[in-house]
Amino acid sequence: MRSVYFLTIRQLSGRWRLAIMAVLAGLPVLITVLMLRSADATSVADFESTVLGTMLAGSIAPLVVLAIAAVAFGNEVEDRTLANLTLSPVPRWQIAVPKLLATVSVAGPFVGASAMLTAHMAFLGEWPATIAITVSTLVGVAMYASMFVWLGLVSTQAIGIGLLYIVLWEGFFTGYVSGVRLLSIRYHAIALMHGLDPRRFEADQHVSLVVAAVVALAVIGGFLALALRRLRTMDVP
Amino acid sequence: MTDAPEPVIRVDRVSRWFGSVVAVSDVSFDIRPGITGLLGPNGAGKTTLLRMMTGLAATSSGTVTAFGEAVRNNPPLYRRMGVMSEHETVYGFMKGREFVTMMGRLRNVPDLQNAVDRAIALVDMADAQHRPLDTYSRGMRQRMRLAATLVHDPEILVLDEPLNGADPRQRVHFKHLLHTLAAEGRTIVLSSHILEEVEQLADTMLLIVNGKLAASGGYRAIRAALNQRPYHVRVMSDAPRRLASALVGLPSVDAVHVDPDGALIVLSRNVLDLQVELPKLAQAGSIRLHRVEPLDDSLESVFGYLVEK
């Protein structure tokens, strides 16, 4: 497991990729600073909906994760180096799990730091809110990561499909069709924020903390299982 | 009774198709210890067959076993196999030694550093082992990939076009290495589209053409079959009609045709005899030969003949 994990960390840690991640992750922090300096006071509900919900959980987190997760397997498939791993006498889960862990290890610090700084500044150093937002955002990172790692294994167009998913599904349909929200990673990440700190997103309807946590585990485990199945059945290039 | 060793790899009625395209069609053979060459023109289905033999690709029908076990989805079996694919892409950011070490670690090699030293020494890459892989020449990359394939001391070696990019000195070293490994009892399968390359390396040949097994056996038998095929030979001389009259009397010549440009097109089923007789005839008739060239000596036409046969 260690070999695949450290191999993937090195594959994902290209200088340009990390620079772009840093810029993306810095946007919510920058917006928060500008909001705090603005003469027009923004309501807490507006801030939560716009910056935490739409921007952080619905755009920045999935974009950062997509850029990293889609190439965790995607580069191996494209470069035809995946056979180095699949022809090893190790169970397939010892290939898929470290790939997922490496993705979270690279994307997590960017998104987690962004969430922590944004929340800490916006809620004036209030730790329960900061911890709730950071933890639930990191859980969102893990959910997006498992989905996009699988996507990188099944399609060579993973980045394009992932972008469509982020824009159309997370950004559009789940925002307007209430029943579809239950199938949105953003929605469950926000439910976790509310569950961990009930003062956040107070005005909205949420599933309970337990349900959101179970859904998070199901999403991570489900896409991991799909990735394992794909590794077993695919023709390795 | 035969004293031939037991087959290590068994390919049994294997086919593979992609939509309506049949890449491999109903191929069966056994592979025993020693060096077996998989020979065929580009696009013949060699790589698809090798990928199915290593479990990288599924068969559409038929089975592939190694040591009596299915190769597909059988990770424990990969401890006994070393596979070097035709794709030369490597993790360019890694140093050569790092790559071999990682491959050894993935295969749970005991006494890893000594195993890495041994594998790198086998391919004669000790001097370059601490350089990043993306600074290697193509031949060096192939050798370091071979070291990574050998690091766990596999009983079966499957090598797809392993001599690609190798210079003449590296080829000699590689051939010597493969013969040494085979002499230790390993089963080695290698593919190539170059007849002479396989001829020098392999004890047994499998000829694949259009996804089918066209011929198999020792290279002498296959060479003999190739020598019996009808060849068209183009002969330019200063007296084509006189030479044509003389040639039709030769038992090795089936037909002679004179082209409008004065060239003779000779059809022969025994090109070796023709090679000997033609200069003698020319000398006897004081005919000057300007040019003698085979018209259909491409590998594809040679293999095509064997398939039709």
# chains A, B, ... in the order shown; residues from 1 in each chain; ligands from 1
$ residues_around --residues "Met121 in chain A" --least-positions-apart "5" --cutoff "9 Å" --atoms "only C-alpha atoms" --output "MDAnalysis selection string"
chainID A and resid 29 32:33 36 116 126 130
$ write_last_selection --atoms "N, CA, C and O atoms" --output "PDB file, in the first residue's frame"
ATOM      1  N   VAL A  29     -11.152  32.558   0.593  1.00  0.00           N
ATOM      2  CA  VAL A  29     -10.505  33.381   1.619  1.00  0.00           C
ATOM      3  C   VAL A  29     -10.493  34.840   1.158  1.00  0.00           C
ATOM      4  O   VAL A  29     -10.836  35.764   1.922  1.00  0.00           O
ATOM      5  N   THR A  32     -13.910  36.359   1.332  1.00  0.00           N
ATOM      6  CA  THR A  32     -14.286  36.627   2.722  1.00  0.00           C
ATOM      7  C   THR A  32     -13.623  37.908   3.224  1.00  0.00           C
ATOM      8  O   THR A  32     -14.257  38.752   3.875  1.00  0.00           O
ATOM      9  N   VAL A  33     -12.343  38.064   2.886  1.00  0.00           N
ATOM     10  CA  VAL A  33     -11.629  39.285   3.293  1.00  0.00           C
ATOM     11  C   VAL A  33     -12.319  40.512   2.704  1.00  0.00           C
ATOM     12  O   VAL A  33     -12.553  41.515   3.398  1.00  0.00           O
ATOM     13  N   LEU A  36     -15.586  41.193   4.479  1.00  0.00           N
ATOM     14  CA  LEU A  36     -15.400  41.746   5.815  1.00  0.00           C
ATOM     15  C   LEU A  36     -14.991  43.218   5.760  1.00  0.00           C
ATOM     16  O   LEU A  36     -15.296  44.006   6.652  1.00  0.00           O
ATOM     17  N   MET A 116     -10.970  26.364   6.644  1.00  0.00           N
ATOM     18  CA  MET A 116     -10.643  26.806   8.014  1.00  0.00           C
ATOM     19  C   MET A 116     -10.427  28.317   8.075  1.00  0.00           C
ATOM     20  O   MET A 116     -10.989  29.006   8.933  1.00  0.00           O
ATOM     21  N   GLU A 126     -14.546  31.960  15.961  1.00  0.00           N
ATOM     22  CA  GLU A 126     -15.392  31.045  16.731  1.00  0.00           C
ATOM     23  C   GLU A 126     -15.045  29.591  16.335  1.00  0.00           C
ATOM     24  O   GLU A 126     -15.274  29.171  15.191  1.00  0.00           O
ATOM     25  N   THR A 130     -15.763  27.018  13.022  1.00  0.00           N
ATOM     26  CA  THR A 130     -14.587  26.745  12.197  1.00  0.00           C
ATOM     27  C   THR A 130     -14.376  25.239  12.042  1.00  0.00           C
ATOM     28  O   THR A 130     -14.140  24.734  10.936  1.00  0.00           O
TER      29      THR A 130
END
$ residues_around --residues "Val65 in chain A" --least-positions-apart "2" --cutoff "7 Å" --atoms "only C-alpha atoms" --output "ChimeraX atom specification"
/A:61-63,67-69,107,141,144-145
$ write_last_selection --atoms "all heavy atoms" --output "PDB file, in the first residue's frame"
ATOM      1  N   ALA A  61     -14.225  23.062  -3.771  1.00  0.00           N
ATOM      2  CA  ALA A  61     -13.843  21.711  -3.324  1.00  0.00           C
ATOM      3  C   ALA A  61     -13.916  20.708  -4.466  1.00  0.00           C
ATOM      4  O   ALA A  61     -12.928  19.997  -4.732  1.00  0.00           O
ATOM      5  CB  ALA A  61     -14.718  21.281  -2.146  1.00  0.00           C
ATOM      6  N   PRO A  62     -15.040  20.627  -5.225  1.00  0.00           N
ATOM      7  CA  PRO A  62     -15.055  19.633  -6.302  1.00  0.00           C
ATOM      8  C   PRO A  62     -14.054  19.931  -7.414  1.00  0.00           C
ATOM      9  O   PRO A  62     -13.481  19.002  -7.989  1.00  0.00           O
ATOM     10  CB  PRO A  62     -16.494  19.696  -6.832  1.00  0.00           C
ATOM     11  CG  PRO A  62     -17.067  20.963  -6.329  1.00  0.00           C
ATOM     12  CD  PRO A  62     -16.358  21.252  -5.043  1.00  0.00           C
ATOM     13  N   LEU A  63     -13.814  21.231  -7.710  1.00  0.00           N
ATOM     14  CA  LEU A  63     -12.852  21.550  -8.780  1.00  0.00           C
ATOM     15  C   LEU A  63     -11.438  21.137  -8.394  1.00  0.00           C
ATOM     16  O   LEU A  63     -10.713  20.534  -9.185  1.00  0.00           O
ATOM     17  CB  LEU A  63     -12.887  23.051  -9.090  1.00  0.00           C
ATOM     18  CG  LEU A  63     -14.056  23.541  -9.946  1.00  0.00           C
ATOM     19  CD1 LEU A  63     -14.042  25.063 -10.045  1.00  0.00           C
ATOM     20  CD2 LEU A  63     -14.012  22.919 -11.335  1.00  0.00           C
ATOM     21  N   ALA A  67      -9.377  18.050 -10.289  1.00  0.00           N
ATOM     22  CA  ALA A  67      -8.083  18.223 -10.952  1.00  0.00           C
ATOM     23  C   ALA A  67      -7.060  17.207 -10.454  1.00  0.00           C
ATOM     24  O   ALA A  67      -6.134  16.838 -11.177  1.00  0.00           O
ATOM     25  CB  ALA A  67      -7.572  19.645 -10.721  1.00  0.00           C
ATOM     26  N   ILE A  68      -7.230  16.733  -9.241  1.00  0.00           N
ATOM     27  CA  ILE A  68      -6.263  15.788  -8.676  1.00  0.00           C
ATOM     28  C   ILE A  68      -6.755  14.347  -8.822  1.00  0.00           C
ATOM     29  O   ILE A  68      -6.027  13.478  -9.300  1.00  0.00           O
ATOM     30  CB  ILE A  68      -6.005  16.143  -7.198  1.00  0.00           C
ATOM     31  CG1 ILE A  68      -5.256  17.483  -7.151  1.00  0.00           C
ATOM     32  CG2 ILE A  68      -5.193  15.058  -6.506  1.00  0.00           C
ATOM     33  CD1 ILE A  68      -5.147  18.086  -5.800  1.00  0.00           C
ATOM     34  N   ALA A  69      -8.019  14.113  -8.458  1.00  0.00           N
ATOM     35  CA  ALA A  69      -8.525  12.735  -8.435  1.00  0.00           C
ATOM     36  C   ALA A  69      -8.620  12.121  -9.822  1.00  0.00           C
ATOM     37  O   ALA A  69      -8.335  10.934 -10.000  1.00  0.00           O
ATOM     38  CB  ALA A  69      -9.897  12.713  -7.765  1.00  0.00           C
ATOM     39  N   ALA A 107      -5.359  16.901  -2.039  1.00  0.00           N
ATOM     40  CA  ALA A 107      -6.424  17.917  -2.154  1.00  0.00           C
ATOM     41  C   ALA A 107      -6.867  18.431  -0.785  1.00  0.00           C
ATOM     42  O   ALA A 107      -7.201  19.615  -0.644  1.00  0.00           O
ATOM     43  CB  ALA A 107      -7.628  17.318  -2.899  1.00  0.00           C
ATOM     44  N   VAL A 141     -14.617  16.550   0.505  1.00  0.00           N
ATOM     45  CA  VAL A 141     -13.439  16.253  -0.327  1.00  0.00           C
ATOM     46  C   VAL A 141     -13.316  14.745  -0.532  1.00  0.00           C
ATOM     47  O   VAL A 141     -13.082  14.263  -1.652  1.00  0.00           O
ATOM     48  CB  VAL A 141     -12.158  16.832   0.330  1.00  0.00           C
ATOM     49  CG1 VAL A 141     -10.903  16.238  -0.302  1.00  0.00           C
ATOM     50  CG2 VAL A 141     -12.136  18.345   0.198  1.00  0.00           C
ATOM     51  N   TYR A 144     -16.123  13.590  -2.973  1.00  0.00           N
ATOM     52  CA  TYR A 144     -15.794  13.951  -4.358  1.00  0.00           C
ATOM     53  C   TYR A 144     -14.606  13.118  -4.860  1.00  0.00           C
ATOM     54  O   TYR A 144     -14.585  12.677  -6.007  1.00  0.00           O
ATOM     55  CB  TYR A 144     -15.433  15.436  -4.458  1.00  0.00           C
ATOM     56  CG  TYR A 144     -16.597  16.395  -4.399  1.00  0.00           C
ATOM     57  CD1 TYR A 144     -16.640  17.406  -3.449  1.00  0.00           C
ATOM     58  CD2 TYR A 144     -17.648  16.315  -5.309  1.00  0.00           C
ATOM     59  CE1 TYR A 144     -17.695  18.311  -3.401  1.00  0.00           C
ATOM     60  CE2 TYR A 144     -18.710  17.215  -5.265  1.00  0.00           C
ATOM     61  CZ  TYR A 144     -18.732  18.217  -4.302  1.00  0.00           C
ATOM     62  OH  TYR A 144     -19.778  19.104  -4.260  1.00  0.00           O
ATOM     63  N   ALA A 145     -13.625  12.900  -3.980  1.00  0.00           N
ATOM     64  CA  ALA A 145     -12.418  12.178  -4.402  1.00  0.00           C
ATOM     65  C   ALA A 145     -12.761  10.753  -4.828  1.00  0.00           C
ATOM     66  O   ALA A 145     -12.285  10.277  -5.867  1.00  0.00           O
ATOM     67  CB  ALA A 145     -11.390  12.163  -3.267  1.00  0.00           C
TER      68      ALA A 145
END
$ residues_around --residues "range 150-154 of chain B" --least-positions-apart "3" --cutoff "10 Å" --atoms "only C-alpha atoms" --output "PyMOL selection string"
chain B and resi 78-84+100-110+112-120+122-123+144-147+157-158+181+186-188
$ write_last_selection --atoms "N, CA, C and O atoms" --output "short mmCIF file (atom, residue, chain, number, x, y, z; two decimals), in the first residue's frame"
data_model
loop_
_atom_site.label_atom_id
_atom_site.label_comp_id
_atom_site.auth_asym_id
_atom_site.auth_seq_id
_atom_site.Cartn_x
_atom_site.Cartn_y
_atom_site.Cartn_z
N TYR B 78 0.91 -13.56 -9.99
CA TYR B 78 1.83 -12.57 -10.54
C TYR B 78 3.17 -12.56 -9.80
O TYR B 78 4.14 -11.96 -10.26
N ARG B 79 3.22 -13.20 -8.63
CA ARG B 79 4.49 -13.34 -7.92
C ARG B 79 5.46 -14.21 -8.74
O ARG B 79 6.66 -14.11 -8.62
N ARG B 80 4.89 -15.07 -9.61
CA ARG B 80 5.70 -16.01 -10.38
C ARG B 80 5.91 -15.53 -11.81
O ARG B 80 6.51 -16.22 -12.62
N MET B 81 5.33 -14.37 -12.14
CA MET B 81 5.42 -13.88 -13.52
C MET B 81 6.08 -12.51 -13.58
O MET B 81 5.87 -11.68 -12.70
N GLY B 82 6.84 -12.29 -14.61
CA GLY B 82 7.39 -10.96 -14.87
C GLY B 82 6.96 -10.56 -16.27
O GLY B 82 7.13 -11.33 -17.22
N VAL B 83 6.40 -9.36 -16.39
CA VAL B 83 5.84 -8.94 -17.68
C VAL B 83 6.44 -7.59 -18.07
O VAL B 83 6.42 -6.66 -17.28
N MET B 84 6.97 -7.52 -19.27
CA MET B 84 7.43 -6.24 -19.80
C MET B 84 6.62 -5.93 -21.05
O MET B 84 6.76 -6.61 -22.06
N VAL B 100 13.01 0.28 -9.86
CA VAL B 100 13.19 -1.17 -9.65
C VAL B 100 12.85 -1.52 -8.19
O VAL B 100 12.21 -2.55 -7.92
N THR B 101 13.23 -0.65 -7.26
CA THR B 101 12.94 -0.89 -5.84
C THR B 101 11.43 -0.89 -5.61
O THR B 101 10.90 -1.77 -4.90
N MET B 102 10.73 0.07 -6.22
CA MET B 102 9.27 0.11 -6.04
C MET B 102 8.62 -1.16 -6.59
O MET B 102 7.73 -1.74 -5.95
N MET B 103 9.07 -1.60 -7.75
CA MET B 103 8.49 -2.81 -8.33
C MET B 103 8.78 -4.02 -7.45
O MET B 103 7.94 -4.91 -7.30
N GLY B 104 9.98 -4.05 -6.86
CA GLY B 104 10.30 -5.14 -5.94
C GLY B 104 9.44 -5.09 -4.69
O GLY B 104 8.97 -6.12 -4.20
N ARG B 105 9.22 -3.88 -4.19
CA ARG B 105 8.40 -3.73 -2.98
C ARG B 105 6.96 -4.16 -3.25
O ARG B 105 6.34 -4.81 -2.42
N LEU B 106 6.45 -3.79 -4.42
CA LEU B 106 5.08 -4.20 -4.78
C LEU B 106 4.95 -5.72 -4.86
O LEU B 106 3.87 -6.27 -4.71
N ARG B 107 6.07 -6.38 -5.11
CA ARG B 107 6.05 -7.84 -5.23
C ARG B 107 6.57 -8.52 -3.98
O ARG B 107 6.89 -9.71 -3.99
N ASN B 108 6.66 -7.76 -2.90
CA ASN B 108 7.08 -8.30 -1.58
C ASN B 108 8.39 -9.10 -1.67
O ASN B 108 8.48 -10.21 -1.16
N VAL B 109 9.36 -8.52 -2.37
CA VAL B 109 10.63 -9.24 -2.54
C VAL B 109 11.41 -9.21 -1.23
O VAL B 109 11.64 -8.14 -0.67
N PRO B 110 11.81 -10.38 -0.71
CA PRO B 110 12.64 -10.37 0.49
C PRO B 110 14.06 -9.91 0.14
O PRO B 110 14.49 -10.06 -1.00
N LEU B 112 15.30 -6.94 -0.25
CA LEU B 112 15.00 -6.12 -1.43
C LEU B 112 16.23 -5.46 -2.05
O LEU B 112 16.43 -5.51 -3.26
N GLN B 113 17.09 -4.85 -1.21
CA GLN B 113 18.21 -4.09 -1.80
C GLN B 113 19.16 -5.00 -2.57
O GLN B 113 19.66 -4.63 -3.64
N ASN B 114 19.39 -6.21 -2.04
CA ASN B 114 20.25 -7.14 -2.78
C ASN B 114 19.59 -7.59 -4.07
O ASN B 114 20.27 -7.76 -5.10
N ALA B 115 18.27 -7.78 -4.02
CA ALA B 115 17.54 -8.19 -5.23
C ALA B 115 17.60 -7.08 -6.28
O ALA B 115 17.77 -7.35 -7.47
N VAL B 116 17.51 -5.83 -5.82
CA VAL B 116 17.58 -4.69 -6.76
C VAL B 116 18.99 -4.62 -7.36
O VAL B 116 19.15 -4.45 -8.58
N ASP B 117 20.02 -4.77 -6.51
CA ASP B 117 21.41 -4.76 -7.01
C ASP B 117 21.59 -5.83 -8.09
O ASP B 117 22.18 -5.59 -9.14
N ARG B 118 21.07 -7.03 -7.79
CA ARG B 118 21.25 -8.16 -8.72
C ARG B 118 20.55 -7.88 -10.05
O ARG B 118 21.12 -8.07 -11.13
N ALA B 119 19.30 -7.38 -9.97
CA ALA B 119 18.52 -7.14 -11.20
C ALA B 119 19.18 -6.05 -12.05
O ALA B 119 19.27 -6.19 -13.27
N ILE B 120 19.66 -5.00 -11.40
CA ILE B 120 20.29 -3.90 -12.15
C ILE B 120 21.62 -4.37 -12.76
O ILE B 120 21.95 -4.02 -13.90
N LEU B 122 22.25 -7.40 -13.70
CA LEU B 122 21.92 -8.31 -14.81
C LEU B 122 21.76 -7.56 -16.12
O LEU B 122 22.11 -8.06 -17.18
N VAL B 123 21.18 -6.35 -16.05
CA VAL B 123 20.95 -5.59 -17.29
C VAL B 123 22.06 -4.57 -17.53
O VAL B 123 21.93 -3.71 -18.43
N MET B 144 16.23 -0.90 -17.97
CA MET B 144 15.81 -0.71 -16.58
C MET B 144 14.42 -1.30 -16.35
O MET B 144 14.12 -1.82 -15.28
N ARG B 145 13.59 -1.24 -17.38
CA ARG B 145 12.27 -1.90 -17.27
C ARG B 145 12.45 -3.41 -17.15
O ARG B 145 11.72 -4.09 -16.42
N LEU B 146 13.44 -3.93 -17.86
CA LEU B 146 13.71 -5.37 -17.75
C LEU B 146 14.19 -5.72 -16.34
O LEU B 146 13.79 -6.74 -15.77
N ALA B 147 15.03 -4.84 -15.78
CA ALA B 147 15.48 -5.07 -14.39
C ALA B 147 14.29 -5.11 -13.44
O ALA B 147 14.22 -5.97 -12.55
N LEU B 157 8.67 -15.28 -17.80
CA LEU B 157 8.95 -13.92 -18.29
C LEU B 157 8.19 -13.71 -19.59
O LEU B 157 8.32 -14.53 -20.52
N VAL B 158 7.40 -12.67 -19.65
CA VAL B 158 6.68 -12.36 -20.89
C VAL B 158 7.17 -10.98 -21.36
O VAL B 158 7.02 -9.99 -20.64
N LEU B 181 19.00 -16.95 -18.52
CA LEU B 181 17.77 -17.11 -17.73
C LEU B 181 17.02 -18.38 -18.15
O LEU B 181 16.48 -19.10 -17.30
N ARG B 186 13.76 -21.15 -16.63
CA ARG B 186 12.62 -20.25 -16.74
C ARG B 186 11.88 -20.44 -18.06
O ARG B 186 12.45 -20.94 -19.03
N THR B 187 10.65 -20.00 -18.04
CA THR B 187 9.83 -20.02 -19.25
C THR B 187 9.77 -18.59 -19.76
O THR B 187 9.30 -17.69 -19.05
N ILE B 188 10.28 -18.38 -20.95
CA ILE B 188 10.36 -17.02 -21.49
C ILE B 188 9.57 -16.96 -22.79
O ILE B 188 9.76 -17.78 -23.68
#
$ closest_residue --among "B:Arg51, B:Arg288, B:His232, B:Arg143" --to "Val271 in chain B" --atoms "only C-alpha atoms"
B:His232
$ closest_residue --among "A:Ala72, A:Ala216, A:Val177, A:Val207" --to "Ala96 in chain A" --atoms "only C-alpha atoms"
A:Ala72
$ select_by_dssp --residues "range 131-264 of chain B" --states "strand (DSSP E)" --output "ChimeraX atom specification"
/B:156-160,187-192,204-209,212-217,231-237,253-258,264
$ select_by_dssp --residues "chain A" --states "alpha helix (DSSP H)" --output "PyMOL selection string"
chain A and resi 2-12+15-37+44-47+61-79+82-86+93-122+127-154+158-164+174-176+185-196+209-233
$ residues_around --residues "Trp93 in chain A" --least-positions-apart "2" --cutoff "12 Å" --atoms "only C-alpha atoms" --output "ChimeraX atom specification"
/A:1,4,85-86,89-91,95-101,221,224-232 /B:75
$ interface_residues --of "chain A" --to "chain B" --cutoff "10 Å" --atoms "only C-alpha atoms" --output "PyMOL selection string"
chain A and resi 1-4+6-7+10-11+76+78-92+231-237
$ closest_residue --among "A:Gly58, A:Trp127, A:Leu217, A:Val51" --to "Ile185 in chain A" --atoms "only C-alpha atoms"
A:Gly58
